[in-house]
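So this block is input.txt, compact mmCIF, C-alpha atoms:
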# COMPACT_ATOMS: atom_id res chain seq x y z
CA MET A 1 7.15 55.93 32.60
CA ALA A 2 5.84 53.67 29.85
CA VAL A 3 6.16 54.64 26.18
CA GLY A 4 3.01 53.33 24.51
CA LEU A 5 3.13 49.56 24.85
CA LEU A 6 6.69 49.62 26.13
CA GLY A 7 6.91 49.48 29.90
CA GLU A 8 9.91 50.70 31.85
CA GLY A 9 12.74 48.18 31.71
CA ILE A 10 13.48 45.98 28.71
CA THR A 11 10.62 44.71 26.53
CA GLU A 12 11.37 41.75 24.29
CA VAL A 13 9.75 42.21 20.88
CA ILE A 14 10.22 40.95 17.36
CA ALA A 15 12.03 43.80 15.62
CA VAL A 16 11.22 44.06 11.91
CA THR A 17 13.50 46.00 9.59
CA LYS A 18 13.54 45.80 5.79
CA ASP A 19 12.86 42.15 4.86
CA ASN A 20 14.16 41.00 8.24
CA ALA A 21 12.82 39.95 11.66
CA ALA A 22 14.74 39.27 14.88
CA PRO A 23 13.92 39.25 18.61
CA ILE A 24 15.33 42.32 20.34
CA GLY A 25 15.03 44.10 23.68
CA ILE A 26 13.82 47.68 23.67
CA ILE A 27 15.13 49.59 26.66
CA VAL A 28 12.97 52.24 28.32
CA ARG A 29 14.42 54.20 31.25
CA SER A 30 12.46 56.87 33.04
CA GLY A 31 12.51 60.17 31.18
CA GLN A 32 14.57 58.85 28.25
CA ALA A 33 13.74 57.95 24.65
CA PRO A 34 13.40 54.20 23.96
CA LYS A 35 16.70 52.63 22.94
CA MET A 36 18.10 49.48 21.34
CA ILE A 37 21.61 48.10 21.43
CA LEU A 38 22.39 46.44 18.09
CA PHE A 39 25.42 44.30 17.44
CA LYS A 40 27.38 45.31 14.39
CA GLY A 41 27.25 42.67 11.71
CA SER A 42 23.60 41.85 12.42
CA LYS A 43 21.07 42.42 9.65
CA THR A 44 19.01 44.57 12.03
CA ALA A 45 21.99 46.88 12.63
CA GLU A 46 22.75 47.08 8.92
CA ASN A 47 19.12 47.91 8.08
CA VAL A 48 18.72 50.50 10.84
CA GLU A 49 21.88 52.21 9.64
CA LYS A 50 20.74 52.14 6.00
CA TYR A 51 16.98 52.83 6.29
CA GLY A 52 16.46 54.47 9.69
CA TRP A 53 13.32 52.63 10.79
CA VAL A 54 12.25 49.62 12.84
CA THR A 55 8.92 48.22 13.98
CA ALA A 56 8.40 46.50 17.34
CA ASN A 57 6.01 43.58 16.93
CA PHE A 58 4.20 42.15 19.95
CA VAL A 59 3.37 38.46 19.59
CA SER A 60 1.86 35.82 21.87
CA ASP A 61 3.40 32.82 20.08
CA SER A 62 6.67 31.98 21.83
CA TYR A 63 7.88 29.94 18.85
CA LEU A 64 8.47 33.13 16.86
CA TYR A 65 11.31 34.17 19.19
CA PRO A 66 13.69 31.28 18.41
CA LEU A 67 12.34 31.07 14.85
CA TYR A 68 13.38 34.62 13.98
CA ALA A 69 16.52 34.46 16.14
CA PHE A 70 17.87 31.57 14.09
CA SER A 71 16.28 31.79 10.64
CA ASP A 72 15.20 34.33 8.04
CA VAL A 73 11.66 35.61 7.96
CA ALA A 74 9.48 34.46 5.06
CA LYS A 75 8.44 37.38 2.86
CA SER A 76 4.85 36.22 3.24
CA ASP A 77 5.07 36.72 7.04
CA LEU A 78 5.59 40.46 6.53
CA ARG A 79 3.24 43.22 5.43
CA LYS A 80 3.81 46.84 4.54
CA VAL A 81 2.51 49.87 6.40
CA PHE A 82 2.80 53.55 5.54
CA VAL A 83 3.67 55.41 8.72
CA GLY A 84 5.93 58.31 9.72
CA GLU A 85 6.04 59.30 6.03
CA MET A 86 7.77 56.04 5.21
CA VAL A 87 6.89 52.56 4.06
CA MET A 88 7.81 50.21 6.89
CA GLN A 89 7.15 46.50 7.41
CA LEU A 90 5.37 44.53 10.11
CA LEU A 91 4.83 40.94 11.11
CA ARG A 92 1.53 39.94 9.56
CA ASP A 93 0.50 38.11 12.75
CA ALA A 94 1.47 40.72 15.35
CA ASP A 95 -1.07 41.24 18.15
CA ALA A 96 0.08 44.86 18.22
CA TRP A 97 2.94 46.93 16.86
CA MET A 98 4.78 50.20 17.31
CA ALA A 99 6.71 51.89 14.49
CA PHE A 100 9.83 53.99 15.08
CA THR A 101 12.27 56.10 13.24
CA ALA A 102 15.68 54.96 14.45
CA GLN A 103 18.87 56.93 14.78
CA ILE A 104 22.32 55.70 15.75
CA VAL A 105 23.43 58.02 18.54
CA ASN A 106 26.55 56.26 19.77
CA GLU A 107 28.72 53.27 18.99
CA THR A 108 31.39 51.03 20.39
CA LYS A 109 33.66 48.64 18.52
CA ASP A 110 30.92 46.01 18.57
CA ALA A 111 27.58 47.75 18.93
CA TYR A 112 25.38 50.64 17.94
CA PHE A 113 23.26 52.56 20.44
CA VAL A 114 20.05 53.43 18.67
CA GLU A 115 17.45 55.96 19.78
CA LEU A 116 13.87 55.35 18.74
CA GLU A 117 11.14 57.85 18.05
CA PRO A 118 7.60 56.40 18.01
CA VAL A 119 5.68 57.40 14.87
CA GLY A 120 2.73 54.98 14.93
CA SER A 121 1.09 52.12 16.79
CA GLU A 122 -1.85 49.73 16.46
CA TYR A 123 -3.56 47.07 18.53
CA CYS A 124 -4.55 44.42 15.99
CA ARG A 125 -6.30 42.02 18.35
CA ASP A 126 -7.16 41.73 22.02
CA GLU A 127 -4.86 38.99 23.06
CA MET A 128 -4.67 38.48 26.79
CA ARG A 129 -1.58 36.43 27.54
CA PRO A 130 -1.86 34.83 30.99
CA VAL A 131 1.36 34.00 32.83
CA ASN A 132 2.92 30.75 31.65
CA ARG A 133 6.43 29.92 32.90
CA GLY A 134 6.93 27.71 29.83
CA PHE A 135 6.32 30.64 27.47
CA ASN A 136 8.64 32.76 29.59
CA SER A 137 11.42 30.18 29.62
CA VAL A 138 11.35 30.00 25.81
CA ILE A 139 12.31 33.68 25.76
CA ASP A 140 15.12 33.20 28.30
CA ALA A 141 16.42 30.08 26.56
CA THR A 142 16.40 31.92 23.21
CA VAL A 143 18.42 34.81 24.63
CA HIS A 144 21.00 32.41 26.08
CA ALA A 145 21.00 30.27 22.92
CA THR A 146 21.91 33.21 20.67
CA ARG A 147 25.11 33.52 22.71
CA TYR A 148 25.61 29.79 23.19
CA VAL A 149 25.79 29.08 19.45
CA MET A 150 28.72 31.53 19.24
CA ASN A 151 30.81 30.31 22.19
CA HIS A 152 29.44 26.95 23.46
CA ASP A 153 29.88 28.14 27.05
CA PRO A 154 28.91 25.24 29.36
CA GLU A 155 27.36 27.64 31.92
CA LEU A 156 25.02 28.93 29.23
CA ARG A 157 24.16 25.36 28.30
CA GLU A 158 23.22 24.69 31.92
CA LEU A 159 20.93 27.74 31.98
CA ILE A 160 19.35 26.77 28.66
CA GLU A 161 18.68 23.26 29.95
CA TYR A 162 17.18 24.64 33.16
CA HIS A 163 14.78 26.75 31.09
CA LEU A 164 13.94 23.92 28.70
CA GLY A 165 13.01 21.85 31.78
CA ILE A 166 10.51 24.53 32.79
CA VAL A 167 9.10 24.54 29.24
CA ARG A 168 8.58 20.76 29.42
CA LYS A 169 6.77 21.10 32.75
CA CYS A 170 4.71 24.25 32.20
CA GLY A 171 4.58 24.98 28.47
CA GLY A 172 1.82 24.66 25.93
CA PRO A 173 2.25 22.95 22.54
CA ARG A 174 3.92 25.95 20.81
CA ASP A 175 6.35 26.36 23.73
CA ILE A 176 7.28 22.67 23.43
CA GLU A 177 7.89 23.14 19.68
CA ALA A 178 10.01 26.20 20.44
CA ALA A 179 12.07 24.18 22.95
CA ALA A 180 12.71 21.51 20.29
CA LEU A 181 13.91 24.20 17.86
CA ILE A 182 16.24 25.67 20.50
CA LYS A 183 17.71 22.23 21.29
CA GLU A 184 18.27 21.65 17.59
CA VAL A 185 20.11 24.92 16.92
CA CYS A 186 22.21 24.40 20.07
CA GLY A 187 23.07 20.87 19.00
CA PHE A 188 21.92 19.29 22.29
CA MET B 1 -7.05 22.97 23.88
CA ALA B 2 -7.41 26.14 25.90
CA VAL B 3 -10.11 26.45 28.60
CA GLY B 4 -11.22 30.09 28.46
CA LEU B 5 -8.21 32.17 29.42
CA LEU B 6 -6.24 29.10 30.48
CA GLY B 7 -3.93 27.84 27.78
CA GLU B 8 -2.60 24.30 27.62
CA GLY B 9 0.19 23.77 30.14
CA ILE B 10 0.37 25.49 33.52
CA THR B 11 -0.97 29.02 33.93
CA GLU B 12 0.23 30.94 36.98
CA VAL B 13 -2.66 32.90 38.53
CA ILE B 14 -3.58 34.42 41.85
CA ALA B 15 -6.03 31.91 43.33
CA VAL B 16 -8.61 33.50 45.60
CA THR B 17 -10.56 31.37 48.07
CA LYS B 18 -12.57 32.62 51.05
CA ASP B 19 -10.65 35.62 52.48
CA ASN B 20 -7.40 34.31 51.00
CA ALA B 21 -5.16 34.86 47.98
CA ALA B 22 -2.12 32.86 46.84
CA PRO B 23 -0.28 32.32 43.54
CA ILE B 24 -1.03 28.91 42.07
CA GLY B 25 -0.56 27.03 38.81
CA ILE B 26 -3.64 25.77 37.02
CA ILE B 27 -2.88 22.74 34.90
CA VAL B 28 -4.66 22.22 31.58
CA ARG B 29 -3.90 19.09 29.58
CA SER B 30 -5.55 18.36 26.25
CA GLY B 31 -9.04 16.94 26.68
CA GLN B 32 -8.98 17.10 30.50
CA ALA B 33 -10.66 19.35 33.06
CA PRO B 34 -8.43 22.06 34.55
CA LYS B 35 -6.65 20.89 37.70
CA MET B 36 -4.74 22.24 40.67
CA ILE B 37 -2.39 20.45 43.04
CA LEU B 38 -2.78 21.92 46.55
CA PHE B 39 -0.49 21.18 49.43
CA LYS B 40 -2.28 20.07 52.56
CA GLY B 41 -1.90 22.58 55.33
CA SER B 42 -2.21 25.54 52.96
CA LYS B 43 -5.12 27.92 53.43
CA THR B 44 -6.10 27.42 49.79
CA ALA B 45 -6.39 23.64 50.31
CA GLU B 46 -8.39 24.11 53.52
CA ASN B 47 -10.78 26.53 51.82
CA VAL B 48 -11.27 24.43 48.70
CA GLU B 49 -12.08 21.43 50.88
CA LYS B 50 -14.51 23.45 53.01
CA TYR B 51 -16.22 25.71 50.46
CA GLY B 52 -15.67 24.07 47.05
CA TRP B 53 -14.81 27.14 45.00
CA VAL B 54 -11.82 29.10 43.76
CA THR B 55 -11.35 32.04 41.43
CA ALA B 56 -8.35 32.44 39.10
CA ASN B 57 -7.30 36.08 38.96
CA PHE B 58 -5.15 37.31 36.07
CA VAL B 59 -2.95 40.26 37.00
CA SER B 60 -0.24 42.24 35.23
CA ASP B 61 1.50 43.48 38.39
CA SER B 62 4.31 41.04 39.18
CA TYR B 63 4.54 42.29 42.77
CA LEU B 64 1.28 40.55 43.63
CA TYR B 65 2.87 37.12 43.17
CA PRO B 66 5.43 37.34 46.01
CA LEU B 67 3.07 39.56 48.02
CA TYR B 68 0.31 36.93 48.17
CA ALA B 69 2.80 34.04 48.38
CA PHE B 70 4.24 35.41 51.60
CA SER B 71 1.54 37.51 53.23
CA ASP B 72 -2.20 37.59 53.82
CA VAL B 73 -4.49 39.46 51.47
CA ALA B 74 -6.08 42.65 52.78
CA LYS B 75 -9.87 42.35 52.96
CA SER B 76 -10.10 45.58 50.99
CA ASP B 77 -8.23 43.95 48.06
CA LEU B 78 -11.08 41.47 47.60
CA ARG B 79 -14.58 41.89 46.23
CA LYS B 80 -17.56 39.56 46.11
CA VAL B 81 -19.18 38.13 43.02
CA PHE B 82 -22.28 35.96 42.69
CA VAL B 83 -21.53 33.21 40.19
CA GLY B 84 -22.27 29.49 39.84
CA GLU B 85 -25.08 29.97 42.39
CA MET B 86 -22.50 30.91 45.03
CA VAL B 87 -20.92 34.00 46.47
CA MET B 88 -17.23 33.87 45.58
CA GLN B 89 -14.45 36.42 45.96
CA LEU B 90 -12.10 38.09 43.48
CA LEU B 91 -9.08 40.33 43.52
CA ARG B 92 -10.44 43.83 43.11
CA ASP B 93 -7.62 44.72 40.67
CA ALA B 94 -7.72 41.62 38.45
CA ASP B 95 -7.42 42.33 34.71
CA ALA B 96 -9.63 39.28 34.20
CA TRP B 97 -10.90 36.35 36.22
CA MET B 98 -12.39 32.87 35.93
CA ALA B 99 -14.54 31.31 38.65
CA PHE B 100 -14.60 27.58 39.33
CA THR B 101 -16.34 25.08 41.46
CA ALA B 102 -13.59 22.86 42.84
CA GLN B 103 -13.68 19.22 43.79
CA ILE B 104 -10.97 17.12 45.40
CA VAL B 105 -10.70 14.03 43.20
CA ASN B 106 -7.57 12.44 44.60
CA GLU B 107 -5.03 12.87 47.35
CA THR B 108 -1.59 11.82 48.52
CA LYS B 109 -0.09 12.16 51.98
CA ASP B 110 0.89 15.74 51.18
CA ALA B 111 -1.40 17.03 48.47
CA TYR B 112 -4.90 17.23 47.07
CA PHE B 113 -5.65 16.87 43.37
CA VAL B 114 -8.47 19.26 42.61
CA GLU B 115 -10.64 19.32 39.49
CA LEU B 116 -12.08 22.64 38.43
CA GLU B 117 -15.30 23.36 36.61
CA PRO B 118 -15.54 26.87 35.08
CA VAL B 119 -18.76 28.65 36.05
CA GLY B 120 -18.01 32.25 35.07
CA SER B 121 -15.44 34.62 33.63
CA GLU B 122 -14.94 38.30 32.91
CA TYR B 123 -12.39 40.53 31.18
CA CYS B 124 -12.25 43.63 33.37
CA ARG B 125 -9.78 45.63 31.32
CA ASP B 126 -7.78 45.30 28.13
CA GLU B 127 -4.35 44.93 29.51
CA MET B 128 -1.75 43.96 26.95
CA ARG B 129 1.29 42.68 28.77
CA PRO B 130 4.35 42.80 26.49
CA VAL B 131 7.18 40.34 27.17
CA ASN B 132 9.48 41.52 29.97
CA ARG B 133 12.06 39.04 31.27
CA GLY B 134 12.12 40.93 34.56
CA PHE B 135 8.39 40.36 35.11
CA ASN B 136 8.87 36.71 34.16
CA SER B 137 11.79 36.21 36.52
CA VAL B 138 9.73 37.56 39.44
CA ILE B 139 7.35 34.63 38.88
CA ASP B 140 10.15 32.06 38.71
CA ALA B 141 11.93 33.53 41.73
CA THR B 142 8.67 33.47 43.70
CA VAL B 143 8.07 29.80 42.89
CA HIS B 144 11.60 28.90 44.01
CA ALA B 145 11.38 31.16 47.06
CA THR B 146 8.25 29.43 48.39
CA ARG B 147 10.35 26.25 48.57
CA TYR B 148 13.56 27.98 49.65
CA VAL B 149 12.02 29.44 52.80
CA MET B 150 11.15 25.87 53.87
CA ASN B 151 14.48 24.16 53.20
CA HIS B 152 17.18 26.78 52.50
CA ASP B 153 18.51 24.63 49.66
CA PRO B 154 21.62 26.39 48.23
CA GLU B 155 20.75 25.28 44.68
CA LEU B 156 17.42 27.07 44.98
CA ARG B 157 19.21 30.13 46.30
CA GLU B 158 21.43 30.11 43.22
CA LEU B 159 18.39 29.95 40.92
CA ILE B 160 16.64 32.72 42.84
CA GLU B 161 19.72 34.93 42.55
CA TYR B 162 19.99 34.20 38.84
CA HIS B 163 16.39 35.36 38.39
CA LEU B 164 16.82 38.41 40.60
CA GLY B 165 19.75 39.37 38.37
CA ILE B 166 17.45 39.30 35.34
CA VAL B 167 14.92 41.43 37.23
CA ARG B 168 17.61 44.03 37.97
CA LYS B 169 18.60 44.13 34.30
CA CYS B 170 15.22 43.93 32.55
CA GLY B 171 12.51 44.72 35.09
CA GLY B 172 10.29 47.74 35.56
CA PRO B 173 9.78 49.50 38.92
CA ARG B 174 7.20 46.99 40.24
CA ASP B 175 9.43 44.06 39.29
CA ILE B 176 12.31 45.69 41.19
CA GLU B 177 10.06 46.11 44.24
CA ALA B 178 8.99 42.47 43.92
CA ALA B 179 12.66 41.39 43.83
CA ALA B 180 13.34 43.36 47.04
CA LEU B 181 10.41 41.61 48.73
CA ILE B 182 11.67 38.19 47.62
CA LYS B 183 15.18 38.93 48.91
CA GLU B 184 13.71 40.01 52.22
CA VAL B 185 11.58 36.90 52.77
CA CYS B 186 14.51 34.69 51.74
CA GLY B 187 16.83 36.50 54.14
CA PHE B 188 19.48 37.26 51.46
In structure tokens, what does this structure look like?
Amino acid sequence: MAVGLLGEGITEVIAVTKDNAAPIGIIVRSGQAPKMILFKGSKTAENVEKYGWVTANFVSDSYLYPLYAFSDVAKSDLRKVFVGEMVMQLLRDADAWMAFTAQIVNETKDAYFVELEPVGSEYCRDEMRPVNRGFNSVIDATVHATRYVMNHDPELRELIEYHLGIVRKCGGPRDIEAAALIKEVCGF
Amino acid sequence: MAVGLLGEGITEVIAVTKDNAAPIGIIVRSGQAPKMILFKGSKTAENVEKYGWVTANFVSDSYLYPLYAFSDVAKSDLRKVFVGEMVMQLLRDADAWMAFTAQIVNETKDAYFVELEPVGSEYCRDEMRPVNRGFNSVIDATVHATRYVMNHDPELRELIEYHLGIVRKCGGPRDIEAAALIKEVCGF
């Protein structure tokens, strides 16, 4: 069962917490509250622990995934919203967003398990995003790259290069820019 | 520059021609007419040659990609539309569609190069499709599977299995069904 804009499975959004943005998967399993797994030491984890809120921002510009995975968000890219009796923040350019109160319900040595309760949502613009394998491969390459920069695993490099090849073949201009950014942070 | 719903790069749609549906990439390069490359011997190529039209159907159900790649469309899944002074056909459940007159402008031994002229378009429903790597991997796996069933290349099998793994991890129920269909046609 979907929860608002979140379908069943894992939806990749830009998670905004106080003065911070980062791509994150929100997990929805049938009959359960939406969840996130946050690695300890990340700014998102620190903020969720401290402030108890997160917004899921839906964007149709693939470049924002590696951008916010590997660099800080500019203050001017964020805006405030009063929702769930709190002031939260959003990406100014989100096509849509959902706001959540967030509670750590479990933890391991490395990660927090966070349960999300939806408290608000808005569609800002009708953005139909047709299927582009280049866009899609930017997301996959970004996910692999966030691990690759930590461990330089050659199998991850192979996967990243496979996806960057699809971006070159199928992507639009922003996907191509995103691929260049990913190559740069990976040191290829 | 985008052409209607088609962004620059390759957009993966369900192409409907007379009594036929198949997933196909529509290529848009800056300043050029939209194009398709159609393999000779395919029903889509035969129909484009004979009737000179195709509709691009935008769907948010990943299952339709392997379904129409590997089986015939049910007549009841199609509907007629009068556009560009012709009767064309659409997928009944498309979120949006574009209709084109189609002209073969070049050919090789194996393929036709087809130029498309947009003659009509409609948004049927506001369907926001958030980013799901499982959905995306169904598309990639389908593309690889259409080649795999011809040549049983073990490298393709490895890529398909990589993508099916992402579907298992990130996909929703329809993506999981699509993965099962892909496995079945590949004989895994």
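Taking all atoms listed in the file into account, those protein, DNA and RNA residues with any atom at most 8 Å away from (-2.9, 24.1, 38.0) amount to Ile10, Thr11, Glu12, Ile24, Gly25, Ile26, Ile27, Val28, Pro34, Lys35, Met36 and Ile37 of chain B.
Note that CA of Val59 (chain B) and CA of Ile160 (chain B) are 21.8 Å apart.
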With only C-alpha atoms as the basis for distance, which of A:Val138, A:Leu67, A:Ile104, A:Ala145 is at the shortest distance from chain B? A:Val138
What are the residues of chain A that have an atom within 6 Å of an atom of chain B, counting only C-alpha atoms, as a ChimeraX atom specification? /A:8-12,131-132,170-172
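Considering the residues A:Val149, A:Met86, A:Met98, A:Val54 and counting all atoms listed in the file, Gly187 (chain A) has its shortest atom-to-atom contact with A:Val149.
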Find the residues near Lys18 (chain B): any atom within 12 Å, counting only C-alpha atoms, skip ones fewer than 6 places away on the same chain, and give them as a ChimeraX atom specification. /B:43-55,72-73,75,78-81,86-91
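Nearest residue to Ala56 (chain A) among A:Ala111, A:Met150, A:Val16, A:Leu156 is A:Val16, counting all atoms listed in the file.
Taking CA of Thr101 (chain B) and CA of Leu116 (chain B) as the two end points, the separation is 5.8 Å.
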So how many Å separate CA of Ala33 (chain A) and CA of Ala178 (chain B), to one decimal? 25.2 Å
Between B:Tyr63, B:Thr142, B:Phe188, B:Thr17, which has the minimum distance to Ala99 (chain B) (counting all atoms listed in the file)? B:Thr17
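Using all atoms listed in the file for every distance, the candidate list B:Asn20, B:Leu38, B:Gly31, B:Ala179 yields B:Leu38 as the residue closest to Val105 (chain B).
For the residues A:Val119, A:Ile14, A:Ala141, A:Ile182, ranking by smallest atom-to-atom distance to Ala94 (chain A) using all atoms listed in the file places A:Ile14 first.
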Report, as JSON, the axis-aligned box around all atoms of region 133-148 of chain A present in the file, extended by 4 Å on each side; give centre and edge lengths in Å to one decimal place.
{"center_x": 16.0, "center_y": 31.3, "center_z": 26.8, "size_x": 27.3, "size_y": 15.1, "size_z": 20.2}
